[in-house]
>>> print(open('entry-v4.txt').read())   # compact mmCIF, C-alpha atoms
# COMPACT_ATOMS: atom_id res chain seq x y z
CA LEU A 1 -8.15 7.36 9.27
CA GLY A 2 -5.85 9.90 7.68
CA ILE A 3 -3.20 8.58 5.30
CA ILE A 4 -0.07 10.39 4.18
CA VAL A 5 1.86 9.08 1.16
CA ASN A 6 5.52 9.84 0.62
CA GLY A 7 8.29 8.45 -1.53
CA SER A 8 12.06 8.45 -1.64
CA ALA A 9 14.46 6.84 -4.08
CA ASN A 10 16.87 4.05 -3.25
CA ASP A 11 19.68 2.59 -5.37
CA TYR A 12 17.90 -0.64 -6.35
CA SER A 13 14.33 0.33 -7.29
CA THR A 14 13.00 1.30 -10.70
CA THR A 15 10.30 3.46 -9.08
CA VAL A 16 10.40 5.66 -6.04
CA PRO A 17 9.32 3.50 -3.06
CA ILE A 18 5.99 4.42 -1.48
CA ILE A 19 5.69 4.97 2.25
CA PHE A 20 2.29 5.27 3.95
CA LYS A 21 1.86 6.96 7.32
CA LEU A 22 -1.43 6.57 9.12
CA GLY A 23 -2.92 9.61 10.85
CA ARG A 24 -2.88 7.83 14.20
CA PRO A 25 -1.73 4.48 15.62
CA CYS A 26 -4.26 1.75 14.89
CA LYS A 27 -4.81 -1.97 14.56
CA LEU A 28 -5.54 -2.48 10.89
CA LYS A 29 -8.10 -5.09 9.96
CA GLU A 30 -7.53 -4.73 6.21
CA LEU A 31 -5.25 -2.90 3.79
CA LYS A 32 -5.83 -2.94 0.05
CA VAL A 33 -4.25 -1.12 -2.94
CA VAL A 34 -6.00 -1.08 -6.32
CA ALA A 35 -5.44 0.59 -9.69
CA LEU A 36 -7.91 3.48 -9.49
CA ASP A 37 -9.16 3.35 -13.12
CA GLU A 38 -9.83 -0.37 -12.85
CA TRP A 39 -11.54 -0.03 -9.46
CA GLN A 40 -13.81 2.76 -10.74
CA THR A 41 -15.21 0.43 -13.41
CA ASN A 42 -15.15 -2.78 -11.32
CA LYS A 43 -15.32 -2.55 -7.51
CA ASN A 44 -14.36 -6.26 -7.38
CA CYS A 45 -11.10 -5.85 -9.33
CA LEU A 46 -8.08 -7.76 -8.10
CA PRO A 47 -5.99 -5.70 -5.68
CA LEU A 48 -2.28 -5.18 -6.21
CA TRP A 49 -1.60 -5.52 -2.47
CA HIS A 50 -4.15 -6.93 -0.05
CA LEU A 51 -3.50 -7.76 3.59
CA VAL A 52 -5.90 -8.83 6.32
CA ALA A 53 -5.39 -9.02 10.06
CA THR A 54 -4.64 -12.26 11.79
CA THR A 55 -6.27 -12.93 15.16
CA ASN A 56 -3.44 -11.00 16.87
CA SER A 57 -3.43 -7.74 14.92
CA ALA A 58 -0.58 -5.52 16.09
CA LEU A 59 -0.81 -1.80 16.83
CA ILE A 60 0.71 0.04 13.85
CA SER A 61 2.35 3.37 14.62
CA GLN A 62 5.29 3.33 12.19
CA PRO A 63 5.22 4.16 8.46
CA LEU A 64 4.34 1.29 6.12
CA TYR A 65 6.34 0.55 2.98
CA TYR A 66 4.35 -0.67 -0.02
CA GLY A 67 4.64 -4.43 -0.33
CA ASN A 68 6.47 -5.03 2.94
CA TYR A 69 5.43 -7.40 5.70
CA ILE A 70 3.24 -5.83 8.38
CA ARG A 71 3.27 -7.52 11.76
CA GLY A 72 -0.09 -9.05 12.58
CA MET A 73 -1.26 -9.13 8.96
CA GLN A 74 -1.07 -11.66 6.14
CA PRO A 75 -1.94 -11.72 2.43
CA ALA A 76 -5.69 -12.04 1.86
CA VAL A 77 -4.87 -14.88 -0.54
CA GLN A 78 -2.12 -17.13 0.80
CA GLY A 79 1.11 -16.84 -1.18
CA VAL A 80 0.02 -13.74 -3.14
CA ASN A 81 2.46 -10.88 -2.63
CA ALA A 82 2.26 -7.22 -3.65
CA LYS A 83 2.42 -6.54 -7.38
CA PRO A 84 4.81 -3.88 -8.73
CA LEU A 85 3.41 -0.37 -9.16
CA GLN A 86 3.88 1.52 -12.43
CA PRO A 87 4.91 5.17 -12.81
CA GLY A 88 2.11 7.52 -13.84
CA VAL A 89 -0.73 5.15 -12.86
CA LYS A 90 -3.21 6.35 -10.23
CA TYR A 91 -3.78 4.01 -7.30
CA ARG A 92 -6.02 4.01 -4.25
CA ILE A 93 -5.18 2.58 -0.84
CA PHE A 94 -8.01 1.49 1.47
CA VAL A 95 -7.45 0.84 5.18
CA THR A 96 -9.89 -0.41 7.79
CA ASP A 97 -9.46 -0.31 11.58
CA GLY A 98 -12.60 -1.77 13.14
CA SER A 99 -15.38 0.62 12.13
CA ALA A 100 -12.97 3.39 11.01
CA LYS A 101 -12.06 3.47 7.33
CA GLY A 102 -9.75 5.57 5.20
CA GLN A 103 -8.60 5.84 1.62
CA HIS A 104 -6.10 7.89 -0.33
CA ASP A 105 -5.25 8.23 -4.02
CA PHE A 106 -1.60 8.31 -5.09
CA GLN A 107 0.83 7.84 -7.97
CA VAL A 108 4.40 6.60 -8.06
CA ILE A 109 7.15 8.18 -10.10
CA ALA A 110 10.08 6.61 -11.89
CA ARG A 111 13.28 6.61 -9.90
CA PRO A 112 15.68 9.29 -11.17
CA ASP A 113 18.68 7.90 -13.05
CA ASN A 114 21.56 7.25 -10.73
CA PRO A 115 24.86 7.18 -12.67
CA SER A 116 26.67 5.85 -9.59
CA GLY A 117 24.11 3.07 -9.06
CA PRO A 118 24.77 -0.68 -9.37
>>> encode(input="entry-v4.txt", output="C-alpha cells")
Amino acid sequence: LGIIVNGSANDYSTTVPIIFKLGRPCKLKELKVVALDEWQTNKNCLPLWHLVATTNSALISQPLYYGNYIRGMQPAVQGVNAKPLQPGVKYRIFVTDGSAKGQHDFQVIARPDNPSGP
C-alpha cells in the first residue's frame, strides 16, 4: 500500500496538520503511528494513534487526517485517542489491508506564526 503524507496549516493548530492519502482505495484492518526512534529500540512501544477495523470495515478512498475518526475503525484500546505529534520528531505510520501492508516515515513541522490568528 502506497502512502502519501502532506500537511497544511490551519488557524487553530500549533503544528501543521498531517494528511495521509493511500495509494489505492482499501478496507484498512489496522492503522498505527509510532515515534520512529522509540519503535526502532522497542517494537512493542505504545503507539500515538492506533485504530483497528470493526466487523464492518468501510472502503477508504479519501485522505485521512491524523487523529480523526475513520468510518469502520475504532481505537485499539477503548477510549484512547491520538496523542499530539511534536515538530521535528520522526514518526512511522503502518497500515494493513488484509494481507497487504504499508508504512511511511514522516515528520511534522510547527505551524508558521499567523499574526491574524485567534
>>> closest_residue(input="entry-v4.txt", among="A:Ala58, A:Ala35, A:Ala53, A:Ile70", to="Pro84 in chain A", atoms="only C-alpha atoms")
A:Ala35
>>> atom_distance(input="entry-v4.txt", atom1="CA of Val108 in chain A", atom2="CA of Gln62 in chain A")
20.5 Å
>>> atom_distance(input="entry-v4.txt", atom1="CA of Gly98 in chain A", atom2="CA of Leu28 in chain A")
7.4 Å
>>> residues_near_point(input="entry-v4.txt", point="(-6.4, 4.0, -7.3)", cutoff="9 Å", atoms="only C-alpha atoms", output="PyMOL selection string")
chain A and resi 33-40+89-93+104-107
>>> write_last_selection(input="entry-v4.txt", atoms="C-alpha atoms", output="PDB file, in the frame of the given file")
ATOM      1  CA  VAL A  33      -4.250  -1.120  -2.940  1.00  0.00           C
ATOM      2  CA  VAL A  34      -6.000  -1.080  -6.320  1.00  0.00           C
ATOM      3  CA  ALA A  35      -5.440   0.590  -9.690  1.00  0.00           C
ATOM      4  CA  LEU A  36      -7.910   3.480  -9.490  1.00  0.00           C
ATOM      5  CA  ASP A  37      -9.160   3.350 -13.120  1.00  0.00           C
ATOM      6  CA  GLU A  38      -9.830  -0.370 -12.850  1.00  0.00           C
ATOM      7  CA  TRP A  39     -11.540  -0.030  -9.460  1.00  0.00           C
ATOM      8  CA  GLN A  40     -13.810   2.760 -10.740  1.00  0.00           C
ATOM      9  CA  VAL A  89      -0.730   5.150 -12.860  1.00  0.00           C
ATOM     10  CA  LYS A  90      -3.210   6.350 -10.230  1.00  0.00           C
ATOM     11  CA  TYR A  91      -3.780   4.010  -7.300  1.00  0.00           C
ATOM     12  CA  ARG A  92      -6.020   4.010  -4.250  1.00  0.00           C
ATOM     13  CA  ILE A  93      -5.180   2.580  -0.840  1.00  0.00           C
ATOM     14  CA  HIS A 104      -6.100   7.890  -0.330  1.00  0.00           C
ATOM     15  CA  ASP A 105      -5.250   8.230  -4.020  1.00  0.00           C
ATOM     16  CA  PHE A 106      -1.600   8.310  -5.090  1.00  0.00           C
ATOM     17  CA  GLN A 107       0.830   7.840  -7.970  1.00  0.00           C
TER      18      GLN A 107
END
>>> closest_residue(input="entry-v4.txt", among="A:Val80, A:Pro112, A:Tyr66, A:Gly72", to="Ile18 in chain A", atoms="only C-alpha atoms")
A:Tyr66
>>> closest_residue(input="entry-v4.txt", among="A:Asn81, A:Thr55, A:Gln103, A:Gln86", to="Lys29 in chain A", atoms="all atoms listed in the file")
A:Thr55
>>> decode(input="entry-v4.txt", residues="range 27-38 of chain A", atoms="all heavy atoms", output="mmCIF file, in the first residue's frame")
data_model
loop_
_atom_site.group_PDB
_atom_site.id
_atom_site.type_symbol
_atom_site.label_atom_id
_atom_site.label_comp_id
_atom_site.auth_asym_id
_atom_site.auth_seq_id
_atom_site.Cartn_x
_atom_site.Cartn_y
_atom_site.Cartn_z
ATOM 1 N N LYS A 27 -9.826 -1.335 2.400
ATOM 2 C CA LYS A 27 -10.506 -1.530 3.685
ATOM 3 C C LYS A 27 -9.428 -1.818 4.720
ATOM 4 O O LYS A 27 -8.927 -2.940 4.810
ATOM 5 C CB LYS A 27 -11.497 -2.687 3.606
ATOM 6 C CG LYS A 27 -12.712 -2.391 2.767
ATOM 7 C CD LYS A 27 -13.708 -3.521 2.866
ATOM 8 C CE LYS A 27 -14.991 -3.148 2.147
ATOM 9 N NZ LYS A 27 -16.038 -4.138 2.373
ATOM 10 N N LEU A 28 -9.051 -0.792 5.463
ATOM 11 C CA LEU A 28 -7.992 -0.963 6.446
ATOM 12 C C LEU A 28 -8.421 -1.895 7.572
ATOM 13 O O LEU A 28 -9.543 -1.825 8.058
ATOM 14 C CB LEU A 28 -7.586 0.384 7.046
ATOM 15 C CG LEU A 28 -6.852 1.340 6.128
ATOM 16 C CD1 LEU A 28 -6.480 2.601 6.893
ATOM 17 C CD2 LEU A 28 -5.618 0.706 5.533
ATOM 18 N N LYS A 29 -7.501 -2.741 7.963
ATOM 19 C CA LYS A 29 -7.702 -3.606 9.126
ATOM 20 C C LYS A 29 -7.053 -2.982 10.351
ATOM 21 O O LYS A 29 -7.492 -3.172 11.469
ATOM 22 C CB LYS A 29 -7.104 -5.007 8.888
ATOM 23 C CG LYS A 29 -7.712 -5.740 7.724
ATOM 24 C CD LYS A 29 -9.141 -6.074 7.999
ATOM 25 C CE LYS A 29 -9.716 -6.877 6.839
ATOM 26 N NZ LYS A 29 -11.148 -6.875 6.825
ATOM 27 N N GLU A 30 -5.945 -2.238 10.118
ATOM 28 C CA GLU A 30 -5.225 -1.617 11.223
ATOM 29 C C GLU A 30 -4.458 -0.406 10.707
ATOM 30 O O GLU A 30 -3.975 -0.389 9.581
ATOM 31 C CB GLU A 30 -4.244 -2.616 11.839
ATOM 32 C CG GLU A 30 -3.484 -2.065 13.033
ATOM 33 C CD GLU A 30 -2.541 -3.084 13.655
ATOM 34 O OE1 GLU A 30 -2.068 -3.993 12.942
ATOM 35 O OE2 GLU A 30 -2.284 -2.951 14.863
ATOM 36 N N LEU A 31 -4.370 0.610 11.557
ATOM 37 C CA LEU A 31 -3.577 1.799 11.298
ATOM 38 C C LEU A 31 -2.874 2.138 12.604
ATOM 39 O O LEU A 31 -3.499 2.153 13.664
ATOM 40 C CB LEU A 31 -4.484 2.951 10.877
ATOM 41 C CG LEU A 31 -3.825 4.301 10.633
ATOM 42 C CD1 LEU A 31 -4.588 5.050 9.550
ATOM 43 C CD2 LEU A 31 -3.733 5.121 11.873
ATOM 44 N N LYS A 32 -1.567 2.376 12.525
ATOM 45 C CA LYS A 32 -0.808 2.658 13.740
ATOM 46 C C LYS A 32 0.283 3.668 13.424
ATOM 47 O O LYS A 32 0.952 3.565 12.407
ATOM 48 C CB LYS A 32 -0.195 1.360 14.272
ATOM 49 C CG LYS A 32 0.642 1.528 15.503
ATOM 50 C CD LYS A 32 0.998 0.225 16.203
ATOM 51 C CE LYS A 32 1.564 -0.838 15.319
ATOM 52 N NZ LYS A 32 2.031 -2.018 16.069
ATOM 53 N N VAL A 33 0.456 4.671 14.317
ATOM 54 C CA VAL A 33 1.529 5.660 14.205
ATOM 55 C C VAL A 33 2.379 5.559 15.463
ATOM 56 O O VAL A 33 1.847 5.558 16.582
ATOM 57 C CB VAL A 33 0.972 7.091 14.045
ATOM 58 C CG1 VAL A 33 2.089 8.129 14.124
ATOM 59 C CG2 VAL A 33 0.207 7.229 12.735
ATOM 60 N N VAL A 34 3.698 5.464 15.264
ATOM 61 C CA VAL A 34 4.639 5.364 16.385
ATOM 62 C C VAL A 34 5.754 6.388 16.198
ATOM 63 O O VAL A 34 6.030 6.829 15.081
ATOM 64 C CB VAL A 34 5.257 3.946 16.496
ATOM 65 C CG1 VAL A 34 4.204 2.901 16.777
ATOM 66 C CG2 VAL A 34 6.038 3.595 15.235
ATOM 67 N N ALA A 35 6.400 6.759 17.314
ATOM 68 C CA ALA A 35 7.626 7.555 17.242
ATOM 69 C C ALA A 35 8.715 6.616 16.737
ATOM 70 O O ALA A 35 8.944 5.554 17.314
ATOM 71 C CB ALA A 35 7.971 8.116 18.611
ATOM 72 N N LEU A 36 9.368 6.980 15.643
ATOM 73 C CA LEU A 36 10.295 6.076 14.974
ATOM 74 C C LEU A 36 11.462 5.665 15.873
ATOM 75 O O LEU A 36 11.793 4.480 15.949
ATOM 76 C CB LEU A 36 10.803 6.696 13.675
ATOM 77 C CG LEU A 36 11.702 5.813 12.818
ATOM 78 C CD1 LEU A 36 11.025 4.493 12.475
ATOM 79 C CD2 LEU A 36 12.115 6.549 11.561
ATOM 80 N N ASP A 37 12.103 6.609 16.551
ATOM 81 C CA ASP A 37 13.240 6.269 17.423
ATOM 82 C C ASP A 37 12.834 5.257 18.490
ATOM 83 O O ASP A 37 13.556 4.299 18.754
ATOM 84 C CB ASP A 37 13.822 7.514 18.097
ATOM 85 C CG ASP A 37 14.631 8.367 17.135
ATOM 86 O OD1 ASP A 37 14.973 7.882 16.032
ATOM 87 O OD2 ASP A 37 14.920 9.526 17.491
ATOM 88 N N GLU A 38 11.682 5.477 19.092
ATOM 89 C CA GLU A 38 11.212 4.559 20.132
ATOM 90 C C GLU A 38 10.906 3.181 19.547
ATOM 91 O O GLU A 38 11.271 2.156 20.119
ATOM 92 C CB GLU A 38 9.973 5.142 20.817
ATOM 93 C CG GLU A 38 9.534 4.368 22.027
ATOM 94 C CD GLU A 38 8.364 5.014 22.739
ATOM 95 O OE1 GLU A 38 8.055 6.189 22.486
ATOM 96 O OE2 GLU A 38 7.749 4.315 23.560
#
